[in-house]
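The file coords33.tsv comes next; it holds TSV, C-alpha atoms and all ligand atoms.
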chain	number	residue	atom	x	y	z
A	1	MET	CA	-17.89	-19.11	-14.89
A	2	GLU	CA	-15.08	-21.59	-15.23
A	3	THR	CA	-13.94	-23.25	-12.06
A	4	GLN	CA	-10.66	-24.64	-13.34
A	5	PRO	CA	-7.67	-22.54	-12.29
A	6	ALA	CA	-6.17	-20.70	-15.23
A	7	PRO	CA	-2.93	-22.27	-16.47
A	8	ARG	CA	0.03	-20.47	-15.03
A	9	LYS	CA	1.95	-18.39	-17.47
A	10	THR	CA	5.67	-18.53	-17.85
A	11	HIS	CA	6.83	-15.20	-19.26
A	12	PHE	CA	6.30	-11.61	-18.25
A	13	SER	CA	5.17	-10.88	-21.82
A	14	ASP	CA	2.17	-13.17	-21.17
A	15	TYR	CA	0.92	-10.44	-18.83
A	16	LEU	CA	2.54	-7.34	-20.23
A	17	LYS	CA	1.73	-5.86	-23.64
A	18	PRO	CA	3.71	-2.94	-25.10
A	19	GLN	CA	0.73	-0.63	-24.50
A	20	GLN	CA	1.13	-1.24	-20.76
A	21	VAL	CA	4.65	0.19	-20.69
A	22	VAL	CA	5.53	3.84	-20.09
A	23	PHE	CA	9.03	4.57	-21.30
A	24	ASP	CA	9.53	7.74	-19.25
A	25	LEU	CA	7.03	8.63	-16.55
A	26	LYS	CA	6.06	12.29	-16.28
A	27	SER	CA	5.23	12.01	-12.59
A	28	LYS	CA	7.50	13.34	-9.91
A	29	ASP	CA	6.09	11.61	-6.83
A	30	LYS	CA	4.83	8.14	-6.03
A	31	VAL	CA	1.10	8.89	-5.87
A	32	GLU	CA	1.24	10.61	-9.25
A	33	ALA	CA	3.28	7.76	-10.70
A	34	VAL	CA	0.82	5.11	-9.52
A	35	GLU	CA	-2.01	7.19	-10.97
A	36	GLU	CA	-0.18	7.60	-14.28
A	37	LEU	CA	0.18	3.83	-14.57
A	38	LEU	CA	-3.45	3.24	-13.60
A	39	ASP	CA	-4.48	5.69	-16.33
A	40	VAL	CA	-2.62	3.55	-18.83
A	41	LEU	CA	-4.54	0.47	-17.66
A	42	ALA	CA	-7.86	2.32	-17.71
A	43	LYS	CA	-7.21	3.49	-21.26
A	44	GLN	CA	-6.58	-0.14	-22.28
A	45	LYS	CA	-9.86	-1.05	-20.54
A	46	LEU	CA	-8.00	-3.46	-18.27
A	47	ILE	CA	-9.41	-1.84	-15.13
A	48	ASP	CA	-12.62	0.04	-14.44
A	49	ASN	CA	-12.16	0.98	-10.80
A	50	LYS	CA	-9.22	3.34	-10.87
A	51	LYS	CA	-10.18	5.32	-7.78
A	52	LEU	CA	-10.52	2.23	-5.60
A	53	LEU	CA	-7.26	0.80	-6.93
A	54	LEU	CA	-5.39	4.03	-6.28
A	55	THR	CA	-6.63	4.09	-2.67
A	56	ARG	CA	-5.75	0.43	-2.10
A	57	ILE	CA	-2.30	0.73	-3.63
A	58	ILE	CA	-1.42	3.86	-1.67
A	59	ASP	CA	-2.78	2.35	1.59
A	60	ARG	CA	-0.56	-0.64	1.03
A	61	GLU	CA	2.37	1.60	0.12
A	62	ASN	CA	1.97	3.60	3.32
A	63	LEU	CA	2.06	0.41	5.38
A	64	VAL	CA	5.43	-0.76	4.08
A	65	SER	CA	7.11	0.66	1.00
A	66	THR	CA	7.05	-1.76	-1.93
A	67	ALA	CA	10.41	-0.47	-3.10
A	68	ILE	CA	12.65	-3.54	-3.07
A	69	GLY	CA	15.87	-1.55	-3.28
A	70	SER	CA	18.28	-0.71	-6.10
A	71	GLY	CA	15.78	1.59	-7.77
A	72	VAL	CA	12.88	-0.84	-8.20
A	73	ALA	CA	9.35	-0.67	-6.71
A	74	LEU	CA	6.41	-3.06	-7.05
A	75	PRO	CA	3.28	-1.23	-5.91
A	76	HIS	CA	0.31	-3.56	-5.83
A	77	ALA	CA	-3.21	-4.27	-4.68
A	78	ARG	CA	-5.30	-7.35	-4.38
A	79	VAL	CA	-8.59	-6.36	-5.96
A	80	ASP	CA	-10.92	-8.25	-8.24
A	81	SER	CA	-10.26	-6.57	-11.56
A	82	GLY	CA	-12.20	-9.12	-13.59
A	83	GLY	CA	-9.16	-10.84	-15.04
A	84	GLU	CA	-6.49	-12.82	-13.25
A	85	ILE	CA	-3.71	-10.26	-13.08
A	86	VAL	CA	-3.06	-6.84	-14.57
A	87	VAL	CA	0.35	-5.20	-14.79
A	88	ALA	CA	1.79	-1.90	-15.96
A	89	VAL	CA	5.43	-0.86	-16.05
A	90	GLY	CA	6.85	2.63	-15.83
A	91	ARG	CA	10.43	3.74	-16.13
A	92	SER	CA	11.59	7.05	-14.71
A	93	GLU	CA	14.78	8.62	-15.92
A	94	LYS	CA	14.95	11.11	-13.05
A	95	GLY	CA	13.79	8.69	-10.38
A	96	ILE	CA	10.93	8.92	-7.89
A	97	ASP	CA	11.07	8.88	-4.10
A	98	PHE	CA	9.37	5.69	-2.84
A	99	ASP	CA	10.71	5.63	0.73
A	100	ALA	CA	12.99	2.75	-0.20
A	101	HIS	CA	14.94	1.18	2.68
A	102	ASP	CA	18.20	1.82	0.86
A	103	GLY	CA	17.25	5.48	0.33
A	104	GLN	CA	17.58	5.19	-3.45
A	105	LYS	CA	15.16	6.78	-5.87
A	106	VAL	CA	13.08	4.40	-7.94
A	107	HIS	CA	13.64	4.17	-11.69
A	108	LEU	CA	11.48	1.17	-12.47
A	109	ILE	CA	7.92	0.75	-11.23
A	110	ILE	CA	6.04	-2.47	-11.83
A	111	LEU	CA	2.42	-2.08	-10.80
A	112	VAL	CA	0.45	-5.25	-10.17
A	113	VAL	CA	-3.27	-5.77	-9.58
A	114	TRP	CA	-4.28	-9.34	-8.95
A	115	ASN	CA	-7.41	-11.26	-8.27
A	116	PRO	CA	-8.20	-12.33	-4.69
A	117	SER	CA	-9.13	-15.80	-5.90
A	118	LEU	CA	-5.52	-16.45	-6.91
A	119	PRO	CA	-3.49	-16.00	-3.74
A	120	GLY	CA	-0.34	-17.79	-4.88
A	121	LEU	CA	0.03	-15.90	-8.11
A	122	PHE	CA	1.46	-12.70	-6.71
A	123	ASN	CA	4.25	-14.51	-4.86
A	124	HIS	CA	5.11	-16.40	-7.97
A	125	LEU	CA	5.24	-13.22	-10.04
A	126	PHE	CA	7.11	-11.35	-7.34
A	127	ALA	CA	9.76	-14.07	-7.07
A	128	GLY	CA	10.29	-14.10	-10.83
A	129	LEU	CA	10.59	-10.34	-11.05
A	130	ALA	CA	12.91	-10.12	-8.06
A	131	ARG	CA	15.12	-12.90	-9.44
A	132	PHE	CA	15.59	-10.94	-12.65
A	133	LEU	CA	15.89	-7.48	-11.12
A	134	ILE	CA	18.30	-8.44	-8.38
A	135	ARG	CA	20.99	-8.55	-11.05
A	136	ALA	CA	22.63	-5.16	-11.52
A	137	GLU	CA	23.33	-6.02	-15.13
A	138	ASN	CA	19.60	-6.39	-15.89
A	139	ARG	CA	18.68	-3.18	-14.10
A	140	GLY	CA	21.43	-1.37	-15.99
A	141	ARG	CA	20.04	-2.54	-19.31
A	142	ILE	CA	16.55	-1.35	-18.37
A	143	LEU	CA	17.85	2.08	-17.49
A	144	ALA	CA	19.99	2.30	-20.60
A	145	ALA	CA	17.16	1.30	-22.96
A	146	LYS	CA	16.96	3.79	-25.82
A	147	ASP	CA	13.26	3.51	-26.51
A	148	LYS	CA	10.08	1.73	-25.53
A	149	ALA	CA	10.64	-1.16	-27.94
A	150	GLU	CA	14.02	-1.93	-26.41
A	151	LEU	CA	12.62	-1.64	-22.89
A	152	TYR	CA	9.78	-3.99	-23.75
A	153	ALA	CA	12.16	-6.51	-25.28
A	154	ILE	CA	14.21	-6.62	-22.07
A	155	LEU	CA	11.13	-6.99	-19.85
A	156	SER	CA	9.86	-9.79	-22.10
A	157	GLU	CA	12.90	-11.88	-21.15
A	158	ILE	CA	11.68	-12.22	-17.57
A	159	GLU	CA	10.67	-15.79	-16.92
A	160	PHE	CA	8.54	-17.26	-14.16
A	161	LYS	CA	9.86	-20.65	-13.22
A	162	PHE	CA	8.04	-23.03	-10.98
A	163	VAL	CA	10.57	-23.90	-8.39
A	164	HIS	CA	8.99	-25.60	-5.43
A	165	GLU	CA	11.45	-24.37	-2.87
A	166	GLU	CA	11.69	-20.75	-3.81
A	167	LYS	CA	14.12	-18.63	-1.96
A	168	ILE	CA	12.30	-16.08	0.13
A	169	VAL	CA	13.33	-12.84	-1.47
A	170	SER	CA	13.05	-9.31	-0.27
A	171	ARG	CA	10.34	-9.93	2.29
A	172	ALA	CA	12.18	-9.44	5.56
A	173	ILE	CA	10.86	-5.92	6.11
A	174	LEU	CA	7.33	-7.12	5.49
A	175	LEU	CA	7.62	-10.00	7.95
A	176	LYS	CA	9.09	-7.71	10.58
A	177	LYS	CA	6.23	-5.28	10.08
A	178	LEU	CA	3.73	-8.12	10.53
A	179	GLN	CA	5.30	-8.99	13.86
A	180	GLU	CA	5.21	-5.35	14.93
A	181	ILE	CA	1.49	-5.18	14.10
A	182	GLU	CA	0.67	-8.46	15.87
A	183	LEU	CA	2.46	-7.31	19.02
A	184	LYS	CA	0.73	-3.91	18.95
A	185	LYS	CA	-2.62	-5.61	18.44
A	186	LYS	CA	-2.34	-7.34	21.81
A	187	LYS	CA	-2.20	-4.01	23.63
A	188	GLY	CA	-4.54	-1.96	21.46
A	189	THR	CA	-8.11	-0.81	22.06
A	190	LYS	CA	-10.90	-2.46	20.12
A	191	ASP	CA	-10.86	0.18	17.39
A	192	GLN	CA	-7.09	0.02	17.11
A	193	GLN	CA	-7.27	-3.75	16.93
A	194	LYS	CA	-9.69	-3.57	14.04
A	195	GLU	CA	-7.40	-1.25	12.10
A	196	LEU	CA	-4.32	-3.33	12.90
A	197	GLN	CA	-6.16	-6.48	11.87
A	198	LYS	CA	-6.76	-4.90	8.47
A	199	HIS	CA	-3.09	-4.06	8.11
A	200	ALA	CA	-2.03	-7.55	9.18
A	201	ALA	CA	-4.39	-9.10	6.63
A	202	MET	CA	-2.89	-6.96	3.89
A	203	ILE	CA	0.59	-8.29	4.66
A	204	ARG	CA	-0.48	-11.88	5.27
A	205	GLU	CA	-2.13	-12.24	1.90
A	206	GLU	CA	1.02	-11.39	0.03
A	207	LEU	CA	3.39	-13.59	1.96
A	208	ASP	CA	3.85	-17.24	1.19
A	209	ARG	CA	1.33	-19.42	3.02
A	210	ASP	CA	3.92	-21.76	4.57
A	211	LEU	CA	5.91	-18.78	5.77
A	212	VAL	CA	2.87	-17.28	7.48
A	213	SER	CA	1.76	-20.49	9.18
A	214	ARG	CA	5.27	-21.01	10.50
A	215	PHE	CA	5.24	-17.39	11.68
A	216	ASP	CA	1.99	-18.01	13.58
A	217	ARG	CA	3.36	-21.13	15.26
A	218	LEU	CA	6.45	-19.25	16.41
A	219	MET	CA	4.37	-16.32	17.68
A	220	GLU	CA	2.19	-18.66	19.68
A	221	ARG	CA	5.11	-20.51	21.16
A	222	TYR	CA	7.57	-17.72	21.90
A	223	GLY	CA	5.55	-14.50	21.66
A	224	PHE	CA	7.70	-13.45	18.72
A	225	ALA	CA	8.82	-15.03	15.48
A	226	VAL	CA	11.32	-12.68	13.89
A	227	ALA	CA	14.71	-12.02	15.44
A	228	ASP	CA	17.33	-9.52	14.41
A	229	ALA	CA	20.82	-10.66	13.59
A	230	VAL	CA	23.15	-8.18	15.24
A	231	ASP	CA	26.92	-8.41	14.98
A	232	GLY	CA	26.69	-12.08	14.07
A	233	VAL	CA	24.40	-12.99	16.97
A	234	CYS	CA	20.75	-14.11	16.74
A	235	GLN	CA	18.82	-11.87	19.14
A	236	GLY	CA	16.22	-14.63	19.50
A	237	CYS	CA	18.56	-17.04	21.28
A	238	ASN	CA	21.82	-15.10	21.77
A	239	ILE	CA	23.79	-17.70	19.90
A	240	ASN	CA	26.34	-16.90	17.22
A	241	ILE	CA	25.18	-17.41	13.67
A	242	SER	CA	27.54	-19.28	11.38
A	243	THR	CA	29.91	-16.90	9.62
A	244	GLN	CA	28.73	-18.21	6.30
A	245	MET	CA	25.09	-17.43	7.01
A	246	TYR	CA	25.85	-14.05	8.52
A	247	SER	CA	27.80	-12.97	5.47
A	248	VAL	CA	24.84	-13.55	3.16
A	249	LEU	CA	22.35	-12.17	5.67
A	250	GLU	CA	24.10	-8.92	6.45
A	251	GLY	CA	22.42	-5.95	4.81
A	252	SER	CA	20.02	-8.19	2.90
A	253	ASN	CA	16.23	-8.03	2.87
A	254	ASP	CA	15.87	-11.80	2.62
A	255	ILE	CA	14.53	-14.06	5.33
A	256	TYR	CA	16.59	-16.82	6.90
A	257	VAL	CA	15.94	-19.28	9.69
A	258	CYS	CA	18.18	-19.43	12.77
A	259	GLU	CA	19.83	-22.85	12.84
A	260	ASN	CA	19.70	-22.84	16.61
A	261	CYS	CA	16.28	-21.51	17.69
A	262	GLY	CA	14.34	-21.79	14.45
A	263	LYS	CA	13.11	-18.21	14.45
A	264	TYR	CA	13.13	-16.09	11.36
A	265	LEU	CA	16.33	-14.13	11.14
A	266	VAL	CA	16.55	-10.76	9.50
A	267	SER	CA	19.43	-8.39	9.13
A	268	ALA	CA	19.56	-5.46	11.53
A	269	LYS	CA	21.74	-2.41	11.60
A	270	LYS	CA	24.92	-2.81	13.58
A	271	LYS	CA	24.90	-1.81	17.21
A	272	LYS	CA	26.72	1.40	17.90
A	273	LYS	CA	29.82	0.71	19.89
B	301	ZN	ZN	18.32	-18.03	17.20

Would you write the structure of this file as C-alpha cells?
Amino acid sequence: METQPAPRKTHFSDYLKPQQVVFDLKSKDKVEAVEELLDVLAKQKLIDNKKLLLTRIIDRENLVSTAIGSGVALPHARVDSGGEIVVAVGRSEKGIDFDAHDGQKVHLIILVVWNPSLPGLFNHLFAGLARFLIRAENRGRILAAKDKAELYAILSEIEFKFVHEEKIVSRAILLKKLQEIELKKKKGTKDQQKELQKHAAMIREELDRDLVSRFDRLMERYGFAVADAVDGVCQGCNINISTQMYSVLEGSNDIYVCENCGKYLVSAKKKKK
C-alpha cells in the first residue's frame, strides 16, 4: 500500500467518466434515484457494496437533506470503496423531491462516495461543485443539454481550485443541525446519546476541520455556537448586524461570523409581526 497521499485532481472529469452519467433518471423518488446511480457505479465495478452504500446515503439524507437548493442535490457517504472517491451524476427532467429547504424539486443529483482516509477531499469537491452550480446560467445549461455528450461536456468544465480561504458555502443548515444534536445530547438518555453521537459524527466529518474546532470552542464557552440573524439582529448578542452583511446573509445557506460576538451567524426566517 502506498502511504503518499494521492495528488489532488483539478477537474471534475478526473473523477467522472461518461459512463457514470445518467442523462435522464427513470426514478421518481430519492431512494430510487440514489439506487439507480449506485447501480451505474456497480455496473462499472467502481463499488462492490451497494447495499451498505444505499443505507449510509439514505441515513445521511434523512439527517439533513443534501439538496443545496435551486434543483441540485449532493447525496453522499463516507465509506471505504477501495479507491479515493467515486462519483455518479444523474439528471432528471421531471425533478425529484429531495426535501430541499427551498422546496424545489431536484433536477441534478451528484452522488459522491469517498474514502475515510481522505477527510479534506469531500469539502474540496463540494466547494468546487457549489461554486459552479450556484450560477443560474450553469444550471440552466445542464438542464437544457440535448444529450448525454453535451451534459458531460458541461460537467467536465467544473474545476477544483485550491483556494486556502474558501468561502463556506451552503453549510449553514448542517451547522445548525449539529448544534441541535449537541444540545439534545446533553439531556438525552445513554441510548439516545449514543445515537446522537453517531449523527453528530456524520456531520462533523463533512464540515471543514477549522470550522468544527471553532464550533466546539464556542459551544464550550457560551453553550451555543450558532446564532440566527433575525431582522438584522444577531440573536447571539442582540446587536445589529451591518446592513452590508445582512443583505448577503438574508435567505442564504452560507455561514458568516458575527462581527460583535464571534458566533456563527445563519439566516433565519423573519419574525412574524
Ligand atoms: Zn453576535

**Asked** So how many Å separate CA of Asp80 (chain A) and CA of Glu206 (chain A), to one decimal?
**Response** 14.9 Å

**Selection within 12 Å of ligand ZN 301 (chain B) by all atoms listed in the file, output as an NGL selection string** = :A and (218 or 222 or 224-230 or 232-242 or 256-266)

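Of note, CA of Ile85 (chain A) and CA of Gly140 (chain A) are spaced 26.8 Å apart.
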
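In this model, the gap between CA of Lys161 (chain A) and CA of His11 (chain A) comes to 8.7 Å.
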
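If all atoms listed in the file are the atoms counted, then among A:Lys146, A:Glu137, A:Met219, A:Gly103 the closest residue to Leu178 (chain A) is A:Met219.
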
**Message:** Quick one: residues within 12 Å of Glu180 (chain A), only C-alpha atoms, excluding same-chain residues fewer than 3 positions away - as a ChimeraX atom specification?
**Reply:** /A:63-64,173-177,183-187,196-197,199-200,203,219,223-227
